[in-house]
Every structure is written in structure tokens, then in C-alpha cells.
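Shown below: start22.txt, with compact mmCIF, C-alpha atoms.
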```txt
# COMPACT_ATOMS: atom_id res chain seq x y z
CA MET U 1 114.24 89.00 117.65
CA ALA U 2 115.19 91.62 115.09
CA ILE U 3 112.63 93.22 112.82
CA SER U 4 112.88 91.82 109.33
CA GLU U 5 113.53 94.33 106.57
CA GLU U 6 112.26 91.73 104.13
CA VAL U 7 108.69 92.82 104.85
CA VAL U 8 109.25 96.24 103.20
CA GLY U 9 106.98 96.54 100.17
CA ARG U 10 104.82 93.63 101.27
CA THR U 11 101.02 94.06 101.14
CA TYR U 12 99.06 91.69 103.33
CA PRO U 13 95.65 90.32 102.34
CA ALA U 14 92.73 92.55 103.38
CA ALA U 15 90.98 91.82 106.67
CA PRO U 16 87.33 90.67 106.37
CA ALA U 17 85.02 93.57 105.38
CA TYR U 18 84.19 95.99 108.20
CA GLN U 19 80.53 97.01 108.50
CA VAL U 20 80.23 100.59 109.80
CA SER U 21 77.23 100.75 112.13
CA ARG U 22 75.39 103.74 113.58
CA GLU U 23 75.94 102.43 117.08
CA LYS U 24 79.71 102.09 116.62
CA ILE U 25 79.90 105.65 115.30
CA ARG U 26 77.90 106.89 118.31
CA GLU U 27 80.03 104.86 120.72
CA PHE U 28 83.33 106.04 119.20
CA ALA U 29 82.20 109.69 118.97
CA SER U 30 81.19 109.60 122.61
CA ALA U 31 84.53 108.01 123.58
CA VAL U 32 86.51 110.86 121.94
CA LYS U 33 84.09 113.40 123.45
CA ALA U 34 82.80 114.60 120.07
CA THR U 35 79.55 116.50 120.33
CA ASP U 36 78.55 117.22 116.71
CA GLY U 37 75.02 116.02 115.98
CA VAL U 38 76.10 114.41 112.70
CA HIS U 39 77.69 111.58 114.75
CA PHE U 40 74.54 110.85 116.76
CA ASP U 41 71.38 112.01 115.01
CA VAL U 42 70.51 110.62 111.56
CA GLU U 43 68.25 113.59 110.76
CA ALA U 44 71.03 116.03 111.63
CA ALA U 45 73.46 114.10 109.41
CA GLN U 46 71.02 114.09 106.51
CA ALA U 47 70.26 117.79 107.00
CA ALA U 48 74.02 118.38 106.66
CA GLY U 49 74.01 116.54 103.33
CA TYR U 50 75.20 113.07 104.37
CA ASP U 51 73.47 109.76 103.70
CA ASP U 52 73.76 108.65 107.31
CA LEU U 53 75.72 109.24 110.54
CA VAL U 54 79.24 110.58 109.89
CA ALA U 55 82.24 108.94 111.56
CA PRO U 56 84.67 111.20 113.48
CA PRO U 57 88.01 111.91 111.72
CA THR U 58 89.95 109.23 113.63
CA PHE U 59 87.29 106.48 113.42
CA ALA U 60 89.25 104.85 110.57
CA ILE U 61 91.79 103.66 113.15
CA ILE U 62 89.38 100.83 114.03
CA VAL U 63 89.45 99.61 110.46
CA SER U 64 93.17 100.15 109.93
CA GLN U 65 94.22 98.42 113.17
CA ARG U 66 92.29 95.31 112.09
CA ALA U 67 94.33 95.35 108.88
CA ASP U 68 97.57 95.97 110.84
CA ALA U 69 96.98 92.72 112.72
CA ALA U 70 98.11 90.78 109.63
CA LEU U 71 101.52 92.47 109.85
CA ILE U 72 101.86 92.35 113.63
CA GLN U 73 100.94 88.67 113.79
CA ASP U 74 103.23 87.71 110.90
CA PRO U 75 106.01 85.67 112.56
CA SER U 76 108.38 86.49 109.69
CA ALA U 77 108.08 90.23 110.50
CA GLY U 78 109.37 89.61 114.03
CA ILE U 79 107.32 92.28 115.83
CA ASP U 80 106.89 91.85 119.61
CA PHE U 81 103.68 93.81 120.19
CA SER U 82 104.39 94.27 123.90
CA ARG U 83 107.41 96.39 122.88
CA VAL U 84 105.55 98.59 120.39
CA VAL U 85 105.16 102.35 120.87
CA HIS U 86 102.89 104.30 118.50
CA THR U 87 104.94 107.32 117.35
CA GLU U 88 103.09 108.84 114.37
CA GLN U 89 99.68 108.62 112.78
CA ARG U 90 98.10 110.18 109.74
CA PHE U 91 94.62 109.97 108.18
CA THR U 92 93.87 111.08 104.66
CA HIS U 93 90.15 111.00 103.91
CA HIS U 94 89.10 110.72 100.28
CA ARG U 95 85.52 110.99 101.51
CA PRO U 96 83.88 110.83 104.96
CA ILE U 97 83.06 107.39 106.37
CA VAL U 98 79.33 107.04 107.04
CA ALA U 99 77.11 104.43 108.68
CA GLY U 100 76.26 101.66 106.25
CA ASP U 101 79.69 101.62 104.62
CA GLU U 102 81.31 98.24 104.09
CA LEU U 103 85.06 98.72 104.07
CA LEU U 104 88.04 96.67 103.03
CA ALA U 105 91.48 97.47 104.42
CA ALA U 106 94.89 96.11 103.51
CA VAL U 107 98.23 97.01 105.08
CA THR U 108 101.47 97.64 103.16
CA VAL U 109 104.87 98.04 104.84
CA ASP U 110 106.51 101.19 103.49
CA GLN U 111 109.68 101.37 105.57
CA VAL U 112 111.67 99.55 108.24
CA ARG U 113 114.43 101.63 109.77
CA PRO U 114 116.76 99.97 112.31
CA LEU U 115 117.10 102.05 115.48
CA GLY U 116 119.64 100.63 117.90
CA SER U 117 118.51 97.11 118.67
CA GLY U 118 114.94 98.03 117.72
CA ALA U 119 113.31 99.45 114.60
CA MET U 120 110.85 102.03 113.32
CA ILE U 121 108.19 100.54 111.05
CA THR U 122 106.05 102.74 108.82
CA SER U 123 103.01 101.10 107.32
CA ARG U 124 100.07 102.29 105.26
CA VAL U 125 96.51 101.00 105.14
CA GLU U 126 94.35 101.64 102.10
CA ILE U 127 90.66 101.61 103.01
CA THR U 128 88.24 101.07 100.13
CA THR U 129 84.64 100.15 99.43
CA LEU U 130 83.86 96.59 98.37
CA GLY U 131 83.88 97.96 94.82
CA GLY U 132 87.44 99.28 95.24
CA ASP U 133 86.67 103.00 95.55
CA GLN U 134 89.18 104.78 97.81
CA VAL U 135 87.76 105.94 101.15
CA ALA U 136 90.78 106.67 103.37
CA THR U 137 94.51 106.12 103.64
CA THR U 138 96.05 105.77 107.09
CA THR U 139 99.78 105.82 107.83
CA SER U 140 101.28 104.66 111.12
CA SER U 141 104.78 104.64 112.50
CA LEU U 142 105.52 102.16 115.25
CA LEU U 143 108.70 102.03 117.27
CA VAL U 144 109.52 98.48 118.28
CA ARG U 145 111.90 98.75 121.22
CA GLY U 146 114.88 96.41 121.25
CA GLU U 147 115.68 94.18 124.20
CA ASP U 148 117.82 96.84 125.89
CA GLN U 149 115.63 99.88 125.11
CA MET J 1 80.10 125.23 107.64
CA ASN J 2 80.03 128.01 110.23
CA ILE J 3 82.73 130.08 108.66
CA ALA J 4 83.44 132.31 105.66
CA PHE J 5 86.50 130.84 103.95
CA ASP J 6 87.53 134.18 102.44
CA GLN J 7 88.02 135.74 105.86
CA LEU J 8 90.47 133.14 107.13
CA GLU J 9 94.12 134.08 107.49
CA LYS J 10 97.28 132.40 108.63
CA GLY J 11 97.89 132.95 112.34
CA GLN J 12 94.23 133.32 113.38
CA SER J 13 93.25 131.46 116.50
CA ILE J 14 90.35 129.03 116.21
CA GLY J 15 90.00 128.84 120.00
CA GLU J 16 90.88 126.45 122.76
CA ARG J 17 89.32 123.81 124.94
CA THR J 18 90.15 121.73 127.97
CA VAL J 19 89.32 118.02 127.91
CA PRO J 20 89.20 116.39 131.37
CA VAL J 21 90.43 112.77 131.32
CA SER J 22 89.64 110.00 133.81
CA ARG J 23 90.57 106.32 133.97
CA ALA J 24 86.95 105.64 132.98
CA ASP J 25 87.49 107.60 129.75
CA LEU J 26 90.36 105.26 128.84
CA VAL J 27 88.26 102.15 129.46
CA LYS J 28 85.51 103.66 127.33
CA TYR J 29 87.97 104.45 124.54
CA ALA J 30 89.44 100.93 124.76
CA GLY J 31 85.99 99.44 124.21
CA ALA J 32 85.05 101.84 121.42
CA SER J 33 88.32 101.41 119.53
CA GLY J 34 89.12 97.78 120.27
CA ASP J 35 92.56 98.69 121.68
CA PHE J 36 92.68 96.79 124.97
CA ASN J 37 96.41 97.13 125.68
CA PRO J 38 96.55 96.94 129.54
CA ILE J 39 98.98 99.90 129.73
CA HIS J 40 95.84 102.02 129.26
CA TRP J 41 93.89 100.63 132.21
CA ASN J 42 96.06 98.54 134.57
CA GLN J 43 98.60 100.38 136.72
CA ASP J 44 100.63 97.31 137.73
CA PHE J 45 100.94 96.22 134.10
CA ALA J 46 101.96 99.72 132.97
CA GLN J 47 104.61 100.03 135.68
CA ASN J 48 105.92 96.55 134.94
CA VAL J 49 106.75 97.63 131.40
CA GLY J 50 108.56 100.74 132.64
CA LEU J 51 105.84 103.39 132.39
CA PRO J 52 105.27 105.82 135.27
CA ASN J 53 101.58 104.94 135.48
CA VAL J 54 98.56 104.20 133.28
CA ILE J 55 98.79 106.31 130.11
CA ALA J 56 96.12 107.42 127.64
CA HIS J 57 95.94 105.85 124.18
CA GLY J 58 97.75 108.19 121.77
CA MET J 59 94.72 107.71 119.54
CA PHE J 60 92.41 108.87 122.36
CA THR J 61 94.38 112.12 122.60
CA MET J 62 94.44 112.53 118.82
CA GLY J 63 90.69 111.82 118.60
CA ALA J 64 89.76 114.16 121.44
CA ALA J 65 91.96 117.03 120.21
CA VAL J 66 90.38 117.24 116.76
CA GLY J 67 86.96 118.02 118.27
CA LEU J 68 88.11 121.63 118.61
CA VAL J 69 88.51 121.80 114.83
CA THR J 70 85.32 119.98 113.83
CA GLU J 71 83.23 122.17 116.15
CA TRP J 72 84.90 125.30 114.81
CA ALA J 73 84.34 124.22 111.19
CA GLY J 74 80.81 123.04 111.93
CA ASP J 75 81.25 119.99 109.70
CA ALA J 76 82.86 116.83 111.06
CA GLY J 77 83.03 115.40 107.54
CA ALA J 78 85.21 118.25 106.25
CA VAL J 79 88.50 116.98 107.73
CA VAL J 80 90.42 115.64 104.73
CA ASP J 81 93.78 115.09 106.43
CA TYR J 82 94.92 114.81 110.04
CA GLN J 83 98.37 113.87 111.25
CA THR J 84 100.41 113.98 114.42
CA ARG J 85 103.47 112.69 116.22
CA PHE J 86 103.09 111.30 119.71
CA THR J 87 105.89 112.71 121.83
CA LYS J 88 105.08 112.36 125.53
CA PRO J 89 102.56 110.01 127.13
CA VAL J 90 99.50 111.45 128.90
CA VAL J 91 99.74 110.00 132.41
CA VAL J 92 96.29 109.30 133.91
CA PRO J 93 96.58 108.59 137.66
CA ASN J 94 93.85 106.82 139.61
CA ARG J 95 91.37 109.23 141.18
CA PHE J 96 88.47 107.82 143.12
CA ASP J 97 86.36 109.65 145.61
CA GLY J 98 83.11 107.71 145.69
CA GLU J 99 83.27 107.63 141.89
CA VAL J 100 85.94 107.64 139.20
CA GLU J 101 86.88 111.25 138.52
CA PRO J 102 89.09 113.04 135.99
CA SER J 103 92.70 113.07 137.20
CA THR J 104 94.22 115.10 134.37
CA ALA J 105 93.19 117.23 131.39
CA LEU J 106 94.28 117.91 127.84
CA SER J 107 94.68 121.54 126.81
CA VAL J 108 94.01 122.02 123.13
CA ARG J 109 94.64 125.22 121.16
CA GLY J 110 94.34 125.70 117.43
CA ALA J 111 95.59 128.31 114.98
CA ILE J 112 95.47 128.55 111.22
CA GLY J 113 98.81 127.49 109.76
CA LEU J 114 98.04 127.66 106.05
CA VAL J 115 95.24 128.79 103.74
CA ASP J 116 95.12 127.28 100.24
CA PRO J 117 92.66 129.31 98.14
CA ASP J 118 92.97 127.00 95.10
CA ALA J 119 92.15 123.82 97.00
CA ARG J 120 89.81 125.75 99.35
CA THR J 121 91.48 124.09 102.32
CA VAL J 122 92.76 125.42 105.61
CA ARG J 123 95.42 123.77 107.75
CA VAL J 124 94.84 124.13 111.47
CA ASP J 125 97.88 123.54 113.69
CA LEU J 126 97.04 122.17 117.11
CA THR J 127 99.00 122.63 120.32
CA VAL J 128 98.09 119.87 122.75
CA THR J 129 99.53 119.69 126.26
CA ALA J 130 98.93 117.71 129.45
CA PRO J 131 100.45 118.09 132.93
CA ASP J 132 103.57 116.06 133.70
CA LEU J 133 102.18 113.60 136.26
CA ALA J 134 105.00 111.05 136.01
CA GLN J 135 105.87 111.61 139.69
CA GLU J 136 103.40 109.90 142.00
CA GLY J 137 101.21 112.44 143.79
CA ALA J 138 102.07 115.29 141.39
CA ASP J 139 99.49 118.07 141.44
CA PRO J 140 97.94 118.64 137.97
CA ALA J 141 97.48 122.34 138.78
CA GLU J 142 101.20 122.77 139.55
CA ALA J 143 102.82 120.28 137.16
CA LYS J 144 104.66 121.44 134.07
CA ALA J 145 102.63 121.27 130.86
CA LEU J 146 104.14 118.81 128.36
CA LYS J 147 103.51 118.85 124.63
CA VAL J 148 101.93 115.44 124.06
CA LEU J 149 101.24 115.88 120.34
CA VAL J 150 103.72 117.51 117.98
CA LYS J 151 103.13 118.58 114.37
CA ALA J 152 99.42 117.99 114.92
CA GLN J 153 97.93 119.32 111.69
CA VAL J 154 94.33 119.16 110.52
CA VAL J 155 93.37 120.02 106.96
CA VAL J 156 89.76 121.17 106.55
CA LYS J 157 88.06 121.38 103.16
CA PHE J 158 85.69 124.28 102.52
```

Could you render the structure from this file as C-alpha cells?
Amino acid sequence: MAISEEVVGRTYPAAPAYQVSREKIREFASAVKATDGVHFDVEAAQAAGYDDLVAPPTFAIIVSQRADAALIQDPSAGIDFSRVVHTEQRFTHHRPIVAGDELLAAVTVDQVRPLGSGAMITSRVEITTLGGDQVATTTSSLLVRGEDQ
Amino acid sequence: MNIAFDQLEKGQSIGERTVPVSRADLVKYAGASGDFNPIHWNQDFAQNVGLPNVIAHGMFTMGAAVGLVTEWAGDAGAVVDYQTRFTKPVVVPNRFDGEVEPSTALSVRGAIGLVDPDARTVRVDLTVTAPDLAQEGADPAEAKALKVLVKAQVVVKF
């Protein structure tokens, strides 16, 4: 099934709020082999001027991929997830994510570019506090391979 | 911060590191990130969809590479922008000798690409390679190094 260009410009409803926990930060930091104490030790994080444990720079992917699910599972978008290849990723942090944050994330489709029988989809997730303050913007490009690619 | 901003110049190296990668690392990353795509942990599945073998999550590679920058800067919260393209997959063969062991490694090097005195930011450009292990039985020590991330740029605020 072809990727629908009609989804360009569409913003999907935000996923349920994501609660950033100390343990998830520790688990994620360990999984990407980060060693900085601010990810693991609350006293070290506070000594460095943060309220609580600091998330590593790519932690926001957890929050943005939950938002992306709304797009990927939208039948009218026509994305076969088993044919998806992640080709580009960007994180812009308006402030660091710390333990205790409650985050909302909503995905917007910025571009659909046909590529042979497949397509390149560029989408953006705006991550905010419950009060609407900007925390991070993530941008992803996914290549959805066509049937013969 | 570990570093005096005023002494930073375009072209300076920020160092390098090697990150060993095992199949166990990919399972751990899958759990931590919530990305359970079987191409990252099941060889039969990966080969059925046309991949040479199990491959690392692009986001694992991106996440592991930036550690060089955060350790250099001494402040993991100072990264204000980080982007990359994923060009080649990092193939992670099975390696088991009584326990699961690293079967490949990422090589990460960083150099300053831009200094912006007004914004007090520095852009670090990363070069990230992994051995080409697409052929079964390829030796990581002999295999050609492939660039797995391209235009990997990290902006650090001072």
C-alpha cells in the first residue's frame, strides 16, 4: 500500500503523559553506556545544579516513539512498520529532561516524499510539560521500503 | 563544565573512544528504550527480512556515540542539539564462549566543527565507524571500517 501524502501537516493527539522516573534514566543511561554521575546519583545531579537525575541526550526517543505510534498505527497513513528503516534523527533540547518531569508529546508529519515504490516520511514530535512549556523537539526521517525495495 | 570555552577552536580533537557491542547490549537497549523490533535480537528474523545478521538499533549507536561528548564537556545536560543520519547498519554477530561476549565495536572520534562565541555553543562533529561484518565469519580486526553515522553533530552550550 502506498504512503498517503494526505497526512502531511497532520498533528496527531498527544500520547498519554510520560512520567520520567529515576530508574528509567538509570536504565537508559546504562544501556547507552553513559557513565556521568548525573544520570545515576541524585546528589551528583543536584551538585551540578539540576533538580534531579538528568536524562542522557537521546532519552527523549522513548517519549517521541510513543507519540510516533499514533502515526504508524494510523491506517490512513499506510505505513507498514516491518518495512521501515530509520534514516535520520535529530534532538533539539530546550532544557534537559530530569527525573520527575511529566511530558506530553504529539507528532506532526512534516513531509512525505515518494521514493520509487516507497516513501521517505519526516515527522516532528514536540515534547512539552503538562503546562505547555517546550522541553524538546525531535525530528525523525523514516524510509518505508516499497514492495520491490 | 571541564573546559574553558575561550580556548576552543575549530578543528581541535575532543578525543576518541571504542565502545564494544554484544548481543546482550542490544537486548538491554531494547528493554531500556522500548524498541523490541526482532531485527535487533533474532538472527533468523533479521535474515528473513534481507539483513546480513542482527543489527544494532540506530538509536543505540547514536546514544552510545554521544557519551564521548558529554564526558568531554563534563555536563550531560549541556547538549542542546544532536543530529545524525544512519548510513550503514552495525552488524552484531553472535559470540558465545561460556557467556555472551562483544562481537564488534564502535569507534567514535570527535572534533570541533564550529565555535559560536555569541551563543556560547560549540558544535562537535563525530566520526563513528564499525567493522563491516556482513560476511559470515568476518574478522572484526581485519574487516573494513564503515561509517555508520554521517553528519553526526552535537551542539554543546557553555

Return as a list in words the residues belonging to chain J that are within 6 Å of chain U, counting only C-alpha atoms.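 On the chain J side, the interface is Lys28, Tyr29, Ala32, Ser33, Gly63, Ala64, Gly67, Gly77, Val80, Asp81, Tyr82, Gln83, Thr84, Arg85 and Phe86 of chain J.
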
Residues from the last selection, C-alpha atoms, saved as a compact mmCIF listing (two decimals), in the coordinates of the input:
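Heads up, here's the output in part01.txt:
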```
# COMPACT_ATOMS: atom_id res chain seq x y z
CA LYS J 28 85.51 103.66 127.33
CA TYR J 29 87.97 104.45 124.54
CA ALA J 32 85.05 101.84 121.42
CA SER J 33 88.32 101.41 119.53
CA GLY J 63 90.69 111.82 118.60
CA ALA J 64 89.76 114.16 121.44
CA GLY J 67 86.96 118.02 118.27
CA GLY J 77 83.03 115.40 107.54
CA VAL J 80 90.42 115.64 104.73
CA ASP J 81 93.78 115.09 106.43
CA TYR J 82 94.92 114.81 110.04
CA GLN J 83 98.37 113.87 111.25
CA THR J 84 100.41 113.98 114.42
CA ARG J 85 103.47 112.69 116.22
CA PHE J 86 103.09 111.30 119.71
```

Students should find that atom CA of Ile79 of chain U and atom CA of Gly116 of chain U are spaced 15.0 Å

When distances are computed from only C-alpha atoms, which of J:Ala119, J:Leu26, J:Val100, J:Leu114 shows the smallest separation from Gln12 of chain J?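 The shortest atom-to-atom distance to Gln12 of chain J comes from J:Leu114.
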
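Straight-line separation from atom CA of Ile121 of chain U to atom CA of Met59 of chain J: 17.5 Å.
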
Which of these, U:Gln46, U:Gln73, U:Gln19, U:Thr11, has the shortest distance to Ser123 of chain U once you count all atoms listed in the file? U:Thr11

For Glu142 of chain J: contacts at 12 Å, only C-alpha atoms, fewer than 3 positions along chain excluded, given as a ChimeraX atom specification: /J:104,130-133,137-139,145

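Nearest residue to Arg145 of chain U, choosing from U:Ala106, U:Ala15, U:Gln111, U:Asp80 and counting only C-alpha atoms: U:Asp80.
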
Report, in Å to a single decimal, how far apart atom CA of Arg23 of chain J and atom CA of His57 of chain J are.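 Between atom CA of His57 of chain J and atom CA of Arg23 of chain J the gap is 11.2 Å.
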
Please identify all polymer residues within 12 Å of segment 37-41 of chain J, counting all atoms listed in the file, omitting same-chain residues fewer than 2 positions from it, and present them as a PyMOL selection string. (chain U and resi 81-85) or (chain J and resi 22-31+33-35+43-60+89-94)

My list of candidates is U:Ala47, U:Val42, U:Ala70, U:Ile127. Which is closest to Val109 of chain U when distances are computed with all atoms listed in the file?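 Looking only at the distances to Val109 of chain U, the closest residue turns out to be U:Ala70.
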
Please identify all polymer residues lying at most 10 Å from the point (96.2, 130.2, 109.8) (file coordinates), using only C-alpha atoms, and present the result as number ranges by chain. J: 8-14, 110-115, 122-125

Any chance you could export the current selection's C-alpha atoms as a compact mmCIF listing (two decimals), in the coordinates of the input?
```
# COMPACT_ATOMS: atom_id res chain seq x y z
CA LEU J 8 90.47 133.14 107.13
CA GLU J 9 94.12 134.08 107.49
CA LYS J 10 97.28 132.40 108.63
CA GLY J 11 97.89 132.95 112.34
CA GLN J 12 94.23 133.32 113.38
CA SER J 13 93.25 131.46 116.50
CA ILE J 14 90.35 129.03 116.21
CA GLY J 110 94.34 125.70 117.43
CA ALA J 111 95.59 128.31 114.98
CA ILE J 112 95.47 128.55 111.22
CA GLY J 113 98.81 127.49 109.76
CA LEU J 114 98.04 127.66 106.05
CA VAL J 115 95.24 128.79 103.74
CA VAL J 122 92.76 125.42 105.61
CA ARG J 123 95.42 123.77 107.75
CA VAL J 124 94.84 124.13 111.47
CA ASP J 125 97.88 123.54 113.69
```

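Counting all atoms listed in the file and comparing U:Gly146, U:Gly131, U:Pro75, U:Pro13, the residue that lies closest to Leu103 of chain U is U:Gly131.
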
Write out as a list in words each polymer residue whose atoms come within 8 Å of Arg22 of chain U, counting only C-alpha atoms; drop sequence neighbours fewer than 5 positions from it. Phe40, Leu53, Ala99 and Gly100 of chain U

Counting all atoms listed in the file, the option among J:Ala105, J:Val19, J:Val156, J:Met62 closest to Ala141 of chain J: J:Ala105
